[in-house]
Structure formats: structure tokens, C-alpha cells
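Structure, as C-alpha cells:
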Amino acid sequence: MQSEDMEVPIINNLNDNGDRLRPKGKDVFKDQQKESESSMESPNLEFEYGDTDTLTAELSELYSYTEEPEFALNRDYFEEDFRSHARGRRWIELTVEEQRTYVMRLLDALEVTDRDKRLKVARAILYLAQGVFDECDTEVDVLHWSRHNVFLLYDMGIFTALLELLSMEIDNNQACSSAVRKPAISLADSTELRVLLSIMYLMVETIRVQTEDDRPEWRAAREAFKNELGSPLYNGEPFALLLFTMVTKFCSMNAPHFPMKKVLLLLWKTILFTLGGFEELQEMKVRGRERLHLPPLPEDSIKVVRAMRAASPPASAMELIEQQQQQKRGRRSRRPLVKQDSLDTYNERDPFKNDDARDEEEDPEDTDSGIEGEVDPLDRDVIIQPPPPPPPLRPPTERVNFPKGLPWAPKVREKDIEHFLETSRNKFIGFTLGSDTETLVGLPRPIHESVKTLKQHKYVSIAEVQIKREEELQQCPMTLGEEEVEETPAEMLYLGMLPNLSQYVIALLKLLLAAAPTSKAKTDSINILADVLPEEMPITVLQSMKLGIDVNRHKEIIVKAISALLLLLLKHFKLNHIYQFEIVSQHLVFANCIPLILKFFNQNIMSYISAKNSICVLDFPHCVVHEMPELTAESLEAGDNNQFCWRNLFSCINLLRILNKLTKWKHSRTMMLVVFKSAPILKRALKVKQAMMQLYVLKLLKIQTKYLGRQWRKSNMKTMSAIYQKVRHRLNDDWAYGNDIDARPWDFQAEECALRESIEKFNSRRYDKNKNGDFAPVDNCLQSVLGQRVDLPEDFHYSYEMWLEREVFSQPIQWEGLLQNP
């Protein structure tokens, strides 16, 4: 990705410590008042993270609001053809055999050469996949018949026929060249592609979702379809590779008419279906640890995160000033410290937490925490509660159900134990024993106890075993022989993606940048609105408002699909082999993914999460079942009644998880977070009262805390406390103090080059076709070499003497050439 595309004007009003500079004059109180109000108004969000939203929401996001007239078009083409076949009967009245016969007729009609006729048939098939909504009375009926029809279409082989048509459309150079020449691209330029991709998306998403009342033949069809999509059956590569090709072709400006939102949604759902979601990942991880004879996981991370409660957001400067003034007016008294639960769900005010102040005066520099500060400058040790929010959404009796203690079992790595013993031996004995963690001779009793405790919490990851195994295979290629590589869907996908992996990653990040709400439109940026802009631009205010909502919704859906897709790829490749994960991570880092995500969060994140860019009455299937009410500017402005936008919160959590994956255990990448001054940006994200999102923000703050300086830690004690209570502990991790920061210089290039070398060795050993060139056995026996049978032409013995003279006797023999490498 070009550097200018990825310019990151992340922070333009931060000082050298990463703290927000104070606005001048009266503006400071306005800004603080706004921030104070937003932090007071943020309630707990009743959000449950999962692989996807509800089926209805996922289906409705496939269509833009500008595509709404096409629902009636699909119905008309279907009924026009179906009327001649069914003679007055409706689709839902036919027997299954009659339905199969009609679908077979449609399949035959897809083979015609006339493009317009083919499109009409494809629209009729799309109407079937949409659930023959004109014959249904409720949304439930639409979804029921959509499910029935989709399994019928799959059984009749419609997907394979659509795939051939999609390949034809992708290779349609005439459409591509005309789209490139057009000054403005609209919905009309991608009609065929949109119809094909819509049918395929409906088939993948509907078959992917399991229900309790699925028939046995449907369950078998689901498994068959899943294997089909994940196997290299389509032109020798998985189906996802074809969609990745569409993404790169679009981003290279060779096919600007491709409907990118539909392509990305289909790509995400295909990978989710073939590789598995987060719960399947957890099961695969458990099975993988059993196979490697590793101890079981200390807890189920999905369950732990779901049981967490949100922390109260950091106090704003306005709240701090008000509390400071109250304390100055009140009676100065000293009291014993009271333990503060910073994760208090309902933020009850403690009567002991008012009107107290320290006797001794603090340094004046402490008051400079400004908007980002959390702790009263006059009371460092006591953590302040912000003013109470609106009444709780749940009855307070539920509060007693939460378990006490820390949510995560502590973990220790083998290298942490080695480092601890090396330090102890140097201190007490004066020499070290390398990686020996058993010999404790000469060390005092407390060290023995410490080592015992560390070993009790030792955690060996699958990645560590894979790295160790790879080192052995590199060192002893002949002794250990060939590695047996299991042909998993993730392995086949990686093998297909490997030759063009960097192009795929850069293309996805370009789309993410174009769809990010913080991005400013550039003349050279890619146009992602080709499948949302109508042919005729709006002329009334109402039409403009509707299109504006549609465009914002369109961008949000693209961000959602890309963030979920990247996270799935990283998690599955990490489980399949750590070096597959590392190469994708490195491509992301080199393509400026870290500053891009930080740029995304450098906005009013509460506004983004509570955005109402949807028009409920236009969402499918509501819009095809109910009468359409008259839209007004007021109804469009009001939006829905939801507390938050599911897809935006989902996207934020995914992007934070990606950032965590990229920076975990990578010192140089952690330093990038510090250099890009991510702490104030991440702290603002803590205002979102959702436990999972806060957890990943706190993880990112934890890894860089030691580099932010004592002053930052001192004025952000509430955040430090939240980190302690919510993030997993590494027993000898000095995250809160930063005593060893001078011991590790930051050399980004050296670390990344060493990692790249390991990745290239892995790829060369496992995937290089000529990998056995150096180690192929050589036959040194003269008799066996001369005794090999060589097939010669029949007339060779007639010209043998001439051949001998020409090829042997008249050719000078350069014996030194034998000593040189070929």
C-alpha cells in the first residue's frame, strides 16, 4: 500500500506525553462539559458478541436501500415465467417433485447465450432464494420458504451453474473497459454481478446457519456444501480464492464496477462456513492440545468474557474539576483507604468516598492530566467514582451472581521461568546453566518456592510446540523425513493464498481505509460506492437524506465484513501453523494496519457505536411483506430505537482483537503503539461500557504501560486498576512498573527481518516444489549407472559412430567444470 494512502494524521492536538492539550479560553469548559455529559450518559450495553448478527439482520445487510425496486422486478420475472408452467397455482402449493421440475427448467434456461434472457432467469432464481415473498404473509414465512428453496436450489446444482456464470462475468473484459471509461459508476453497471452474488450469498448464509428442525438430508447437504466450498474443486482452488481475485482486481482499478460490499460479505461468510466460527475454533484448539499431549486450557475464554461486566468509563476533566472544588469547600479530613471496585456495574456512590482529601499537597504537575486524567490531583491513592449514570437496565439483585476473584488463571511461559532462573543464578551463584529449569542447587529457599509456583502456572501453547518442531525439521531434514501435513480447509486456503498473499492483504486494507468514517475522500482513492449510488442522483431533500443513510450504512457493512474476515484468517492460520499466522501479520504490519486501526478509533467512538444509519421499514424482509409507510425527514432522523448499532460495536471489537494479535509478544510493534501515541485514543474507547471491548482496550494499554512513564501511570490509576482486575496476569511480567525498559532496545527492522527469515524457511521447506534438490539421493555405483536402460530411436545404431565423433571425440572435456556448482 502506498504510504500516502496510509498517512495517519492520528493526533494533532496531543503533547509529547500523549496527553490531550487544553483548548484555549472558554472552549475548555464547553469541551469538558460535552465529554462529561457523554461519559455520564453511557449506559451498559446489552451486547452479546458472536460470529454474526441475527439471520434477519445479516440478510438485510446484503441489499442497499437503492436496490429496493429490484425486489418487485425479481417477482415479476418469476411470475411471468412461472404462470406458463404452473397454470394458476402458486409456488407454495406445488409438491416437491413439481418444484424440482421447475428448478430444472430454470437451470436449463441459464445456459442460453442471450444475456438479457439469462438475467431474467437469474432474477427468477433470486426470487425463489428470497422466499417467494409475494405468497407469504409474515417475515417468518418468508424465511421458512427461503430456507426450503435454498436447499432445493443447492440440491439441483444451481450453485455450480452460478459459479460458471460468475467466472464469465469476472472475465468480461468489455464490461470492465466500459466501466473504467465511465466518469460515474452506478448500480446499473453491476446488475448481473449483483444478482449472481446475491443468490450465492443467500445460499451460503442460509445453509451455514443450523436450526433445530433441520431435516437429515439438509444436515447432509450442509456438510457436503461446506466441503465443496473449502476444497479446491473450482478451477483447482477454493471458492474463496475467486472472491479474493475479485477484490484485488477491483482495488487495482481494473474493474471499478464490481459490487464490493456483496463480494466482501460473501467472502467473509464463505470463510466463516468453511473454516468455522469462534466456538468451532475453541473446540479445534482443545482437540489440537489433546493431540499434542498438552494440558487442557485453564478456562473457556468465550465463557469468561461473556461473564465479565463493564467497567465505569474514565472520569472526564469536568467531573474532576467539580469534585476538586467540592473537596476544597468541604471539611478536610483523613480516613483509612477504602477498597474501590472500579468494575462496579451500577456505580453506586459510596458514602465514604465523598469529601476527603490528602493532608499533604501534591506536585502541581499532577493537575495537568487534563481531559485524559482520572484521579483527583488532591487524592492519588483513592480512586474516584464518576457521577452515577441513569438507572440500571437490570434489577440490582443480579449483582450477587458474579463470581469473586480474578477472571483468568495466571500463565507463565517456559522462557519466563528460564529468565527468572538466569537472573537468580547470576545474583546468587555467579554463573548460569542455559535453559536448565530443573537444577536449583545453591539457590535460596524462597527461589525454590518461586520456581515451584511458576511451574504450577506454566502454559505451553500450540504455537510454541510448532516452532520447536519446525526448528527440528530445519536442523535434521534427512533424519526426520517428510512432515505429514493434514489437508485442513485452512491449509488449502493458505496454499492457494500464498502466491498473492500481500496483494490480498493490501487490497483489504485499502477497502478498510476507504470505508473508515475518519477517512477523507481523496481524488485517487478507490470508489466503494459503485453498488449503492443510483443511476439518477437524488433531487429532493428526502431522497438525499435516504441516500446519505444508505452510503453510511454501506461503509459500516464493509468495515464489519473486512474486520471479521481478517480476524478469522488470523485466528485460523495461527491454529493451523504459527508461521502462517506470522506471515499474514507481517503483511498487515508492513501495509500500515496498526496506524490504520488507530486512525479508525481516533473519532467519537460513542457516536459511531450508537449511529442510526438504518431505515427499519426498508430492511429485508420487512419491506417485502408489509405495506410501505410514507417516509418523512423526521422518521429518517429518528432512526431505530436500539441502544447501539450491533455491526459497529462488532467491528470495533474485531479491530481491537486484530491489533492485539499483531502486537502480542512483539516488542517492536508494541513500541509502534507508543510512537503513534495510542494511549489517549484507546482510553477514549473505554467510554463504551461493554465488557469485551474494554477487555481488549485494556490489553493494548497493558502491553505499553511500562513505556508511558511514571506520570501517566500515576494519573491513570483507575485504568491500572481495571487492567489488574480484567486482564490475565503473567506472574513475572513487570507491566505496571517498567523497571526493565532500558534493557531492551527497539530495533524494528532486525526483529521483523529475523521473523521473515523464519517464515521463508518454513514456506520453502513445506511448499517449495524443488525443495529436495539438495537432498535428493545420488547413485554413485558405476555398474548401476551404466546398466540403466536408455530408450533410443530405432535407427540410432546406424548413425552411432557419427554421433560418437560429433558429441564425444570432437568436444573438449573441461574437467574443472565438474568441480563447480551447477
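By order of appearance in the C-alpha cells: chains A, B, ..., then residues from 1 within every chain, and ligands from 1 in the order shown.
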
| message | What's around A:Ile467 at 12 Å? Count only C-alpha atoms, leave out sequence neighbours fewer than 4 positions away in its own chain, and write the answer as a PyMOL selection string. | response | chain A and resi 460-463+471-474+574+577-580+582+755+758-759+761-762

| message | So that I can see what lies close to A:Met203, please list as a ChimeraX atom specification the residues with an atom at most 8 Å from it, counting only C-alpha atoms and leaving out residues fewer than 2 positions away in the same chain. | response | /A:129,150-151,154,199-201,205-207

Pull C-alpha atoms from the residues just selected and write them as a CSV table (one decimal), in the first residue's frame.
chain,number,residue,atom,x,y,z
A,129,ALA,CA,-33.9,-17.8,-2.8
A,150,VAL,CA,-32.3,-22.6,-1.0
A,151,PHE,CA,-31.7,-26.3,-0.1
A,154,TYR,CA,-28.4,-26.5,-3.9
A,199,ILE,CA,-28.1,-15.7,-4.9
A,200,MET,CA,-24.8,-17.2,-3.8
A,201,TYR,CA,-24.8,-15.2,-0.6
A,205,GLU,CA,-25.6,-17.9,4.6
A,206,THR,CA,-28.9,-19.9,4.8
A,207,ILE,CA,-27.2,-23.3,4.5

| message | Between A:Val688, A:Ala564, A:Leu673, A:Leu196, which residue has the minimum interatomic distance to A:Gln643, considering only C-alpha atoms? | response | A:Val688

| Residues near A:Arg118, cut-off 10 Å, only C-alpha atoms, skip fewer than 4 positions along chain, as a PyMOL selection string | chain A and resi 106+109-114+122-124+165+192

| query | A:Thr248, A:Thr66, A:Thr54, A:Ser585: which is nearest A:Pro538, counting only C-alpha atoms? | reply |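 Between A:Thr248, A:Thr66, A:Thr54, A:Ser585, the residue approaching A:Pro538 most closely is A:Thr66.
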
| task | Have a look at A:Arg194, A:Ala310, A:Ser146, A:Phe748 and name the one nearest to A:Lys689; count only C-alpha atoms. | result |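 Residue with the minimum atom-to-atom distance to A:Lys689: A:Ala310.
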
| request: Write out as a ChimeraX atom specification which residues come within 12 Å of A:Arg289 when counting only C-alpha atoms, dropping same-chain ones fewer than 2 positions away. | output: /A:282-287,291-298,459-466,575

| message | Considering only C-alpha atoms, can you say which of A:Arg765, A:Lys226, A:Lys555, A:Arg306 comes closest to A:Leu512? | response |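 For A:Leu512, the nearest of the candidates is A:Lys555.
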
| Distance query A:Thr101 at most 12 Å, only C-alpha atoms, self and fewer than 3 positions along chain excluded, as a list of chain:residue names | A:Phe82, A:His85, A:Ala86, A:Leu94, A:Thr95, A:Val96, A:Glu97, A:Glu98, A:Met104, A:Arg105, A:Leu106, A:Leu107, A:Asp108, A:Leu152, A:Leu153, A:Met156

Dump all heavy atoms for the selected residues as a CSV table (one decimal), in the first residue's frame?
chain,number,residue,atom,x,y,z
A,82,PHE,N,-43.4,-18.4,-14.4
A,82,PHE,CA,-44.0,-19.5,-13.6
A,82,PHE,C,-45.5,-19.6,-14.1
A,82,PHE,O,-46.0,-20.8,-14.0
A,82,PHE,CB,-43.9,-19.1,-12.1
A,82,PHE,CG,-44.4,-20.2,-11.2
A,82,PHE,CD1,-43.7,-21.4,-11.1
A,82,PHE,CD2,-45.5,-20.0,-10.5
A,82,PHE,CE1,-44.2,-22.4,-10.3
A,82,PHE,CE2,-46.0,-21.0,-9.6
A,82,PHE,CZ,-45.3,-22.2,-9.5
A,85,HIS,N,-46.0,-22.2,-16.6
A,85,HIS,CA,-45.7,-23.6,-16.1
A,85,HIS,C,-46.7,-24.1,-15.2
A,85,HIS,O,-47.0,-25.3,-15.3
A,85,HIS,CB,-44.3,-23.5,-15.5
A,85,HIS,CG,-43.9,-24.8,-14.9
A,85,HIS,ND1,-43.4,-25.9,-15.6
A,85,HIS,CD2,-43.9,-25.2,-13.6
A,85,HIS,CE1,-43.1,-26.9,-14.8
A,85,HIS,NE2,-43.4,-26.5,-13.6
A,86,ALA,N,-47.2,-23.3,-14.2
A,86,ALA,CA,-48.0,-23.9,-13.1
A,86,ALA,C,-49.5,-23.8,-13.4
A,86,ALA,O,-50.3,-24.3,-12.6
A,86,ALA,CB,-47.6,-23.2,-11.8
A,94,LEU,N,-47.2,-26.2,-4.8
A,94,LEU,CA,-46.7,-27.3,-5.6
A,94,LEU,C,-46.1,-28.4,-4.7
A,94,LEU,O,-45.6,-28.1,-3.6
A,94,LEU,CB,-45.6,-26.8,-6.5
A,94,LEU,CG,-45.9,-25.8,-7.6
A,94,LEU,CD1,-44.7,-25.5,-8.5
A,94,LEU,CD2,-47.1,-26.2,-8.5
A,95,THR,N,-46.0,-29.6,-5.2
A,95,THR,CA,-45.3,-30.7,-4.5
A,95,THR,C,-43.8,-30.5,-4.7
A,95,THR,O,-43.4,-29.8,-5.6
A,95,THR,CB,-45.7,-32.1,-5.0
A,95,THR,OG1,-45.3,-32.2,-6.4
A,95,THR,CG2,-47.2,-32.3,-4.9
A,96,VAL,N,-43.0,-31.2,-3.9
A,96,VAL,CA,-41.5,-31.0,-4.0
A,96,VAL,C,-41.1,-31.5,-5.4
A,96,VAL,O,-40.2,-30.8,-6.0
A,96,VAL,CB,-40.8,-31.8,-2.9
A,96,VAL,CG1,-39.3,-31.8,-3.1
A,96,VAL,CG2,-41.2,-31.3,-1.5
A,97,GLU,N,-41.7,-32.5,-5.9
A,97,GLU,CA,-41.3,-33.0,-7.2
A,97,GLU,C,-41.6,-32.0,-8.3
A,97,GLU,O,-40.8,-31.8,-9.2
A,97,GLU,CB,-42.0,-34.3,-7.6
A,97,GLU,CG,-41.3,-35.6,-6.9
A,97,GLU,CD,-39.8,-35.6,-7.2
A,97,GLU,OE1,-39.4,-35.5,-8.4
A,97,GLU,OE2,-39.0,-35.8,-6.3
A,98,GLU,N,-42.7,-31.3,-8.2
A,98,GLU,CA,-43.1,-30.3,-9.2
A,98,GLU,C,-42.1,-29.1,-9.1
A,98,GLU,O,-41.8,-28.5,-10.1
A,98,GLU,CB,-44.5,-29.9,-9.0
A,98,GLU,CG,-45.6,-30.9,-9.4
A,98,GLU,CD,-47.0,-30.5,-9.0
A,98,GLU,OE1,-47.2,-29.9,-7.9
A,98,GLU,OE2,-47.9,-30.8,-9.8
A,104,MET,N,-35.3,-27.3,-12.5
A,104,MET,CA,-34.5,-27.9,-13.6
A,104,MET,C,-34.7,-27.1,-14.9
A,104,MET,O,-33.8,-26.9,-15.6
A,104,MET,CB,-34.9,-29.4,-13.7
A,104,MET,CG,-34.1,-30.1,-14.8
A,104,MET,SD,-32.3,-30.1,-14.5
A,104,MET,CE,-32.3,-31.4,-13.2
A,105,ARG,N,-36.0,-26.7,-15.1
A,105,ARG,CA,-36.3,-25.9,-16.2
A,105,ARG,C,-35.5,-24.5,-16.2
A,105,ARG,O,-35.0,-24.1,-17.2
A,105,ARG,CB,-37.8,-25.6,-16.3
A,105,ARG,CG,-38.2,-24.7,-17.4
A,105,ARG,CD,-39.7,-24.5,-17.4
A,105,ARG,NE,-40.1,-23.4,-18.1
A,105,ARG,CZ,-41.4,-23.0,-18.3
A,105,ARG,NH1,-42.4,-23.7,-17.8
A,105,ARG,NH2,-41.7,-21.9,-19.1
A,106,LEU,N,-35.5,-23.9,-15.0
A,106,LEU,CA,-34.7,-22.7,-14.9
A,106,LEU,C,-33.2,-22.9,-15.1
A,106,LEU,O,-32.5,-22.1,-15.7
A,106,LEU,CB,-34.9,-22.1,-13.5
A,106,LEU,CG,-36.3,-21.5,-13.1
A,106,LEU,CD1,-36.3,-21.0,-11.7
A,106,LEU,CD2,-36.6,-20.3,-14.0
A,107,LEU,N,-32.7,-24.1,-14.6
A,107,LEU,CA,-31.3,-24.4,-14.8
A,107,LEU,C,-30.9,-24.5,-16.3
A,107,LEU,O,-29.9,-24.0,-16.7
A,107,LEU,CB,-31.0,-25.7,-14.0
A,107,LEU,CG,-29.5,-26.1,-13.9
A,107,LEU,CD1,-28.7,-25.0,-13.1
A,107,LEU,CD2,-29.4,-27.4,-13.1
A,108,ASP,N,-31.8,-25.1,-17.0
A,108,ASP,CA,-31.6,-25.3,-18.5
A,108,ASP,C,-31.6,-23.9,-19.1
A,108,ASP,O,-30.8,-23.6,-20.0
A,108,ASP,CB,-32.7,-26.1,-19.1
A,108,ASP,CG,-32.6,-27.6,-18.7
A,108,ASP,OD1,-31.4,-28.0,-18.3
A,108,ASP,OD2,-33.5,-28.3,-18.8
A,152,LEU,N,-33.3,-26.7,-1.9
A,152,LEU,CA,-33.8,-27.2,-3.1
A,152,LEU,C,-32.8,-26.8,-4.3
A,152,LEU,O,-32.4,-27.6,-5.1
A,152,LEU,CB,-35.2,-26.8,-3.4
A,152,LEU,CG,-35.8,-27.3,-4.7
A,152,LEU,CD1,-36.0,-28.8,-4.7
A,152,LEU,CD2,-37.2,-26.6,-5.0
A,153,LEU,N,-32.5,-25.5,-4.3
A,153,LEU,CA,-31.6,-25.0,-5.4
A,153,LEU,C,-30.2,-25.6,-5.3
A,153,LEU,O,-29.7,-26.0,-6.3
A,153,LEU,CB,-31.5,-23.5,-5.2
A,153,LEU,CG,-32.7,-22.6,-5.5
A,153,LEU,CD1,-32.5,-21.2,-5.1
A,153,LEU,CD2,-33.1,-22.7,-7.0
A,156,MET,N,-30.3,-29.2,-6.6
A,156,MET,CA,-30.4,-29.2,-8.1
A,156,MET,C,-29.2,-28.7,-8.8
A,156,MET,O,-29.2,-28.7,-10.1
A,156,MET,CB,-31.7,-28.4,-8.6
A,156,MET,CG,-33.0,-28.9,-8.0
A,156,MET,SD,-33.3,-30.6,-8.4
A,156,MET,CE,-33.6,-30.5,-10.1

| field | Straight-line distance linking atom CA of A:Leu187 with atom CA of A:Asp531, stated in Å to one decimal | value |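 Going from atom CA of A:Leu187 over to atom CA of A:Asp531 covers 5.0 Å.
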
| task | Do a neighbour search on stretch 235-238 of chain A at 9 Å with only C-alpha atoms, toss out local chain neighbours closer than 3 positions, and write the hits as number ranges by chain. | result | A: 228-232, 241-242, 489, 492-493, 496

| message | Just to confirm, what's the straight-line distance from atom CA of A:Ser64 to atom CA of A:Gln543 in Å (one decimal)? | response |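 Computing the Euclidean distance for atom CA of A:Ser64 and atom CA of A:Gln543 yields 13.9 Å.
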
| Best match for closeness to A:Cys645 among A:Glu46, A:Asp81, A:Glu164, A:Asp116, counting only C-alpha atoms |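 Nearest candidate to A:Cys645 out of A:Glu46, A:Asp81, A:Glu164, A:Asp116: A:Glu46.
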
| message | To one decimal place in Å, what is the distance between atom CA of A:Gly548 and atom CA of A:Cys616? | response | 15.1 Å
